[in-house]
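Asks: Following this line is data.cif, made up of mmCIF, C-alpha atoms:
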data_my_file
#
loop_
_atom_site.group_PDB
_atom_site.id
_atom_site.type_symbol
_atom_site.label_atom_id
_atom_site.label_comp_id
_atom_site.auth_asym_id
_atom_site.auth_seq_id
_atom_site.Cartn_x
_atom_site.Cartn_y
_atom_site.Cartn_z
ATOM 1 C CA MET A 34 156.150 124.579 210.671
ATOM 2 C CA ARG A 35 159.078 124.400 208.291
ATOM 3 C CA HIS A 36 159.882 121.668 205.826
ATOM 4 C CA LYS A 37 163.365 120.711 204.631
ATOM 5 C CA LYS A 38 165.085 123.354 202.500
ATOM 6 C CA GLY A 39 163.258 126.157 204.309
ATOM 7 C CA ARG A 40 159.815 125.778 202.653
ATOM 8 C CA SER A 41 156.540 126.092 204.456
ATOM 9 C CA LEU A 42 154.360 122.964 204.342
ATOM 10 C CA PHE A 43 151.444 125.034 203.081
ATOM 11 C CA SER A 44 153.250 126.993 200.416
ATOM 12 C CA LEU A 45 151.498 128.814 197.636
ATOM 13 C CA ASN A 46 152.295 125.998 195.167
ATOM 14 C CA TYR A 47 150.331 123.475 197.235
ATOM 15 C CA VAL A 48 147.333 125.804 197.453
ATOM 16 C CA PHE A 49 147.299 126.474 193.694
ATOM 17 C CA ALA A 50 147.797 122.790 192.845
ATOM 18 C CA SER A 51 144.875 121.707 195.017
ATOM 19 C CA PHE A 52 142.681 124.526 193.659
ATOM 20 C CA PHE A 53 143.607 123.567 190.081
ATOM 21 C CA GLY A 54 142.840 119.891 190.780
ATOM 22 C CA ALA A 55 139.450 120.732 192.273
ATOM 23 C CA ALA A 56 138.669 122.983 189.307
ATOM 24 C CA MET A 57 139.551 120.172 186.868
ATOM 25 C CA VAL A 58 137.265 117.696 188.677
ATOM 26 C CA ALA A 59 134.398 120.218 188.794
ATOM 27 C CA GLY A 60 134.887 121.071 185.116
ATOM 28 C CA ALA A 61 134.778 117.405 184.101
ATOM 29 C CA PHE A 62 131.624 116.876 186.181
ATOM 30 C CA PHE A 63 129.794 119.860 184.672
ATOM 31 C CA TYR A 64 130.888 118.965 181.124
ATOM 32 C CA TYR A 65 129.632 115.385 181.550
ATOM 33 C CA ASN A 66 126.285 116.631 182.914
ATOM 34 C CA TYR A 67 125.973 119.097 180.031
ATOM 35 C CA GLU A 68 126.724 116.450 177.413
ATOM 36 C CA PHE A 69 124.314 113.976 179.026
ATOM 37 C CA SER A 70 121.471 116.479 179.319
ATOM 38 C CA ARG A 71 121.902 117.820 175.790
ATOM 39 C CA TYR A 72 120.061 114.877 174.298
ATOM 40 C CA LYS A 73 116.461 114.008 175.109
ATOM 41 C CA PHE A 74 114.656 110.806 176.028
ATOM 42 C CA PHE A 75 111.783 108.926 174.388
ATOM 43 C CA ASP A 76 109.647 107.078 176.947
ATOM 44 C CA PHE A 77 107.492 104.616 175.046
ATOM 45 C CA ASN A 78 105.947 103.516 178.352
ATOM 46 C CA LYS A 79 104.290 106.926 178.711
ATOM 47 C CA THR A 80 103.854 107.909 175.071
ATOM 48 C CA VAL A 81 101.469 105.999 172.813
ATOM 49 C CA PHE A 82 102.272 105.566 169.121
ATOM 50 C CA TYR A 83 100.145 103.663 166.647
ATOM 51 C CA GLN A 84 101.094 101.471 163.718
ATOM 52 C CA LYS A 85 98.612 100.532 160.997
ATOM 53 C CA GLU A 86 96.292 98.539 163.275
ATOM 54 C CA SER A 87 98.072 98.225 166.609
ATOM 55 C CA LEU A 88 100.065 100.015 169.276
ATOM 56 C CA PHE A 89 103.789 100.365 168.731
ATOM 57 C CA HIS A 90 106.111 98.679 171.251
ATOM 58 C CA PRO A 91 109.859 99.022 170.589
ATOM 59 C CA ASP A 92 111.816 95.772 170.480
ATOM 60 C CA ARG A 93 115.225 96.791 169.146
ATOM 61 C CA GLU A 94 118.293 98.384 170.715
ATOM 62 C CA LYS A 95 118.574 101.214 168.159
ATOM 63 C CA TYR A 96 116.302 103.108 165.812
ATOM 64 C CA ILE A 97 116.556 105.983 163.394
ATOM 65 C CA VAL A 98 113.680 108.408 163.983
ATOM 66 C CA LEU A 99 112.358 110.149 160.892
ATOM 67 C CA ILE A 100 109.858 112.916 161.559
ATOM 68 C CA TYR A 101 108.093 113.900 158.368
ATOM 69 C CA SER A 102 104.737 114.784 156.836
ATOM 70 C CA SER A 103 103.309 112.292 154.346
ATOM 71 C CA ASN A 104 101.391 115.206 152.853
ATOM 72 C CA LYS A 105 104.710 116.612 151.554
ATOM 73 C CA THR A 106 107.195 113.729 151.249
ATOM 74 C CA ASN A 107 107.387 109.960 151.029
ATOM 75 C CA ALA A 108 109.147 108.086 153.858
ATOM 76 C CA THR A 109 110.419 105.383 151.523
ATOM 77 C CA LYS A 110 112.184 107.946 149.321
ATOM 78 C CA LEU A 111 113.620 109.680 152.393
ATOM 79 C CA ALA A 112 114.841 106.370 153.824
ATOM 80 C CA LYS A 113 117.047 105.816 150.774
ATOM 81 C CA ASN A 114 119.186 108.735 152.011
ATOM 82 C CA PHE A 115 120.428 106.730 154.990
ATOM 83 C CA LYS A 116 120.876 103.012 154.452
ATOM 84 C CA ASN A 117 121.626 101.551 157.827
ATOM 85 C CA GLU A 118 121.245 98.406 159.906
ATOM 86 C CA LYS A 119 118.860 100.258 162.223
ATOM 87 C CA LYS A 120 115.115 100.166 161.699
ATOM 88 C CA ILE A 121 113.557 103.503 160.814
ATOM 89 C CA LEU A 122 110.687 104.816 162.934
ATOM 90 C CA ALA A 123 108.848 107.084 160.525
ATOM 91 C CA ILE A 124 106.642 109.435 162.558
ATOM 92 C CA ASP A 125 104.050 110.950 160.255
ATOM 93 C CA LEU A 126 102.857 114.377 161.389
ATOM 94 C CA TYR A 127 100.011 114.137 158.866
ATOM 95 C CA GLN A 128 98.774 111.147 160.904
ATOM 96 C CA LYS A 129 98.271 108.617 158.113
ATOM 97 C CA ARG A 130 98.749 104.981 158.995
ATOM 98 C CA PHE A 131 100.842 102.980 156.543
ATOM 99 C CA ASN A 132 101.807 99.313 156.463
ATOM 100 C CA GLN A 133 105.235 98.374 157.811
ATOM 101 C CA GLU A 134 107.948 97.996 155.182
ATOM 102 C CA ASP A 135 111.256 96.112 155.337
ATOM 103 C CA SER A 136 113.306 98.789 157.029
ATOM 104 C CA ILE A 137 110.567 101.290 157.944
ATOM 105 C CA ILE A 138 108.089 101.129 160.797
ATOM 106 C CA HIS A 139 105.415 103.754 160.165
ATOM 107 C CA ILE A 140 104.015 105.203 163.389
ATOM 108 C CA THR A 141 101.866 108.141 164.329
ATOM 109 C CA ALA A 142 100.037 109.463 167.371
ATOM 110 C CA GLY A 143 97.411 111.932 168.472
ATOM 111 C CA MET A 144 98.080 115.599 167.841
ATOM 112 C CA ASN A 145 98.975 116.341 171.498
ATOM 113 C CA THR A 146 101.592 113.582 171.496
ATOM 114 C CA LEU A 147 103.032 114.740 168.171
ATOM 115 C CA LEU A 148 103.270 118.317 169.447
ATOM 116 C CA GLN A 149 105.073 117.104 172.579
ATOM 117 C CA VAL A 150 107.594 115.187 170.454
ATOM 118 C CA VAL A 151 108.168 118.172 168.169
ATOM 119 C CA GLN A 152 108.611 120.472 171.154
ATOM 120 C CA LYS A 153 110.811 118.094 173.165
ATOM 121 C CA PHE A 154 113.236 117.502 170.297
ATOM 122 C CA ASN A 155 113.081 121.091 169.006
ATOM 123 C CA ILE A 156 111.974 120.117 165.511
ATOM 124 C CA TYR A 157 111.693 123.282 163.422
ATOM 125 C CA SER A 158 111.590 121.756 159.971
ATOM 126 C CA VAL A 159 110.504 118.453 158.448
ATOM 127 C CA PRO A 160 111.738 116.018 157.364
ATOM 128 C CA SER A 161 114.148 115.689 160.291
ATOM 129 C CA VAL A 162 116.092 112.646 161.425
ATOM 130 C CA PHE A 163 118.055 111.484 164.485
ATOM 131 C CA SER A 164 118.904 108.188 166.127
ATOM 132 C CA ILE A 165 117.866 106.762 169.484
ATOM 133 C CA ILE A 166 119.367 103.966 171.567
ATOM 134 C CA LYS A 167 117.789 101.881 174.307
ATOM 135 C CA PHE A 168 118.499 103.319 177.761
ATOM 136 C CA LYS A 169 116.316 100.975 179.805
ATOM 137 C CA ASP A 170 113.082 99.063 179.274
ATOM 138 C CA GLY A 171 110.846 101.216 177.053
ATOM 139 C CA VAL A 172 113.046 104.310 177.438
ATOM 140 C CA TYR A 173 115.308 105.412 174.593
ATOM 141 C CA LYS A 174 117.917 108.164 174.599
ATOM 142 C CA GLN A 175 118.644 110.434 171.671
ATOM 143 C CA ASP A 176 121.966 109.268 170.248
ATOM 144 C CA SER A 177 122.723 111.845 167.552
ATOM 145 C CA LYS A 178 122.112 115.410 166.561
ATOM 146 C CA ILE A 179 118.960 116.263 164.643
ATOM 147 C CA THR A 180 119.562 116.559 160.921
ATOM 148 C CA ILE A 181 117.166 118.297 158.558
ATOM 149 C CA LEU A 182 116.806 116.411 155.291
ATOM 150 C CA LYS A 183 116.380 118.322 152.057
#
Any chance you could give the structure as structure tokens?

Replies:
Amino acid sequence: MRHKKGRSLFSLNYVFASFFGAAMVAGAFFYYNYEFSRYKFFDFNKTVFYQKESLFHPDREKYIVLIYSSNKTNATKLAKNFKNEKKILAIDLYQKRFNQEDSIIHITAGMNTLLQVVQKFNIYSVPSVFSIIKFKDGVYKQDSKITILK
């Protein structure tokens, strides 16, 4: 079948254009999936954290998560490094239970839970910090890269 001006309807340009378009759509899909899967999720419905005398239940849209050891550093001093409108969830790997402060909610958990958190978020050094944002009820998504504080 010939088109006007002597071109074939299925010329090489049409084939390359459709292949290029399909490649662009596939590339965008895989990039989006990669970016989405790069960050991890916190499921507070399945993971139990303790405050001073009670269980922790998140009630805000955003938190900064500070993973530290109270045996080495003080969460209050570390919190001065990042003044923010978000509450700070200070997860103590040394498992001490402190009273809540103005901008800091001190939480801890059993050793198995703490190891799962460290492994899931690939924490290699403490103190480390990252932010989380509410994804759905009780589930929070990591919203930033992990930063090691010095």

Asks: Would you be able to write out as a ChimeraX atom specification which residues have an atom within 12 Å of (111.0, 109.9, 151.3) in the file's coordinates, counting all atoms listed in the file?

Replies: /A:99-115,121,123,125,137,159-162,182-183

Asks: Find, counting all atoms listed in the file, the residue in A:Val81, A:Ile97, A:Val48, A:Met57 that gets nearest to A:Gly171.

Replies: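 Checking each of A:Val81, A:Ile97, A:Val48, A:Met57 against A:Gly171, counting all atoms listed in the file, the winner is A:Val81.
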
Asks: Name the residues within 12 Å of (111.2, 119.6, 166.9), counting only C-alpha atoms in the file's coordinates, and put them as a PyMOL selection string.

Replies: chain A and resi 73+98-101+124+126+147-163+178-181

Asks: Find, counting all atoms listed in the file, the residue in A:Lys174, A:Ile166, A:Gln128, A:Tyr72 that gets nearest to A:Asp92.

Replies: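 Selected residue with least distance to A:Asp92: A:Ile166.
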
Asks: Evaluate the PyMOL selection byres ((chain A and resi 79) around 12) here and jot the selected residues down as a list in words.

Replies: Phe74, Phe75, Asp76, Phe77, Asn78, Thr80, Val81, Phe82, Phe89, His90, Thr146, Gln149, Asp170, Gly171, Val172 and Tyr173 of chain A

Asks: In Å, how far is it from atom CA of A:Tyr83 to atom CA of A:Ile165?

Replies: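 According to the coordinates, atom CA of A:Tyr83 and atom CA of A:Ile165 are separated by 18.2 Å.
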
Asks: Using only the atoms of stretch 84-95 of chain A listed in the file, plus 8 Å on each side, state the axis-aligned box centre and edge lengths in Å rounded to one decimal, as lines of an AutoDock Vina configuration file.

Replies:
center_x = 107.4
center_y = 98.6
center_z = 166.1
size_x = 38.3
size_y = 21.7
size_z = 26.3

Asks: Here is a test: counting all atoms listed in the file, which residue of A:Asn46, A:Phe168, A:Gln84, A:Ala59 is nearest to A:Ala142?

Replies: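 When distances to A:Ala142 are compared using all atoms listed in the file, the smallest one comes from A:Gln84.
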
Asks: Give me, as a list in words, all polymer residues having an atom no more than 10 Å from A:Glu118, counting all atoms listed in the file and skipping those fewer than 6 positions away in the same chain.

Replies: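 Residues near the query, excluding close chain neighbours: Lys95, Tyr96, Ile97 and Ser136 of chain A.
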
Asks: How far is it from atom CA of A:Asn145 to atom CA of A:Glu94, in Å with one decimal?

Replies: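 Atom CA of A:Asn145 sits 26.4 Å away from atom CA of A:Glu94.
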
Asks: Between atom CA of A:Lys85 and atom CA of A:Asp135, measure the distance and give it in Å to one decimal.

Replies: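 Separation of atom CA of A:Lys85 and atom CA of A:Asp135: 14.5 Å.
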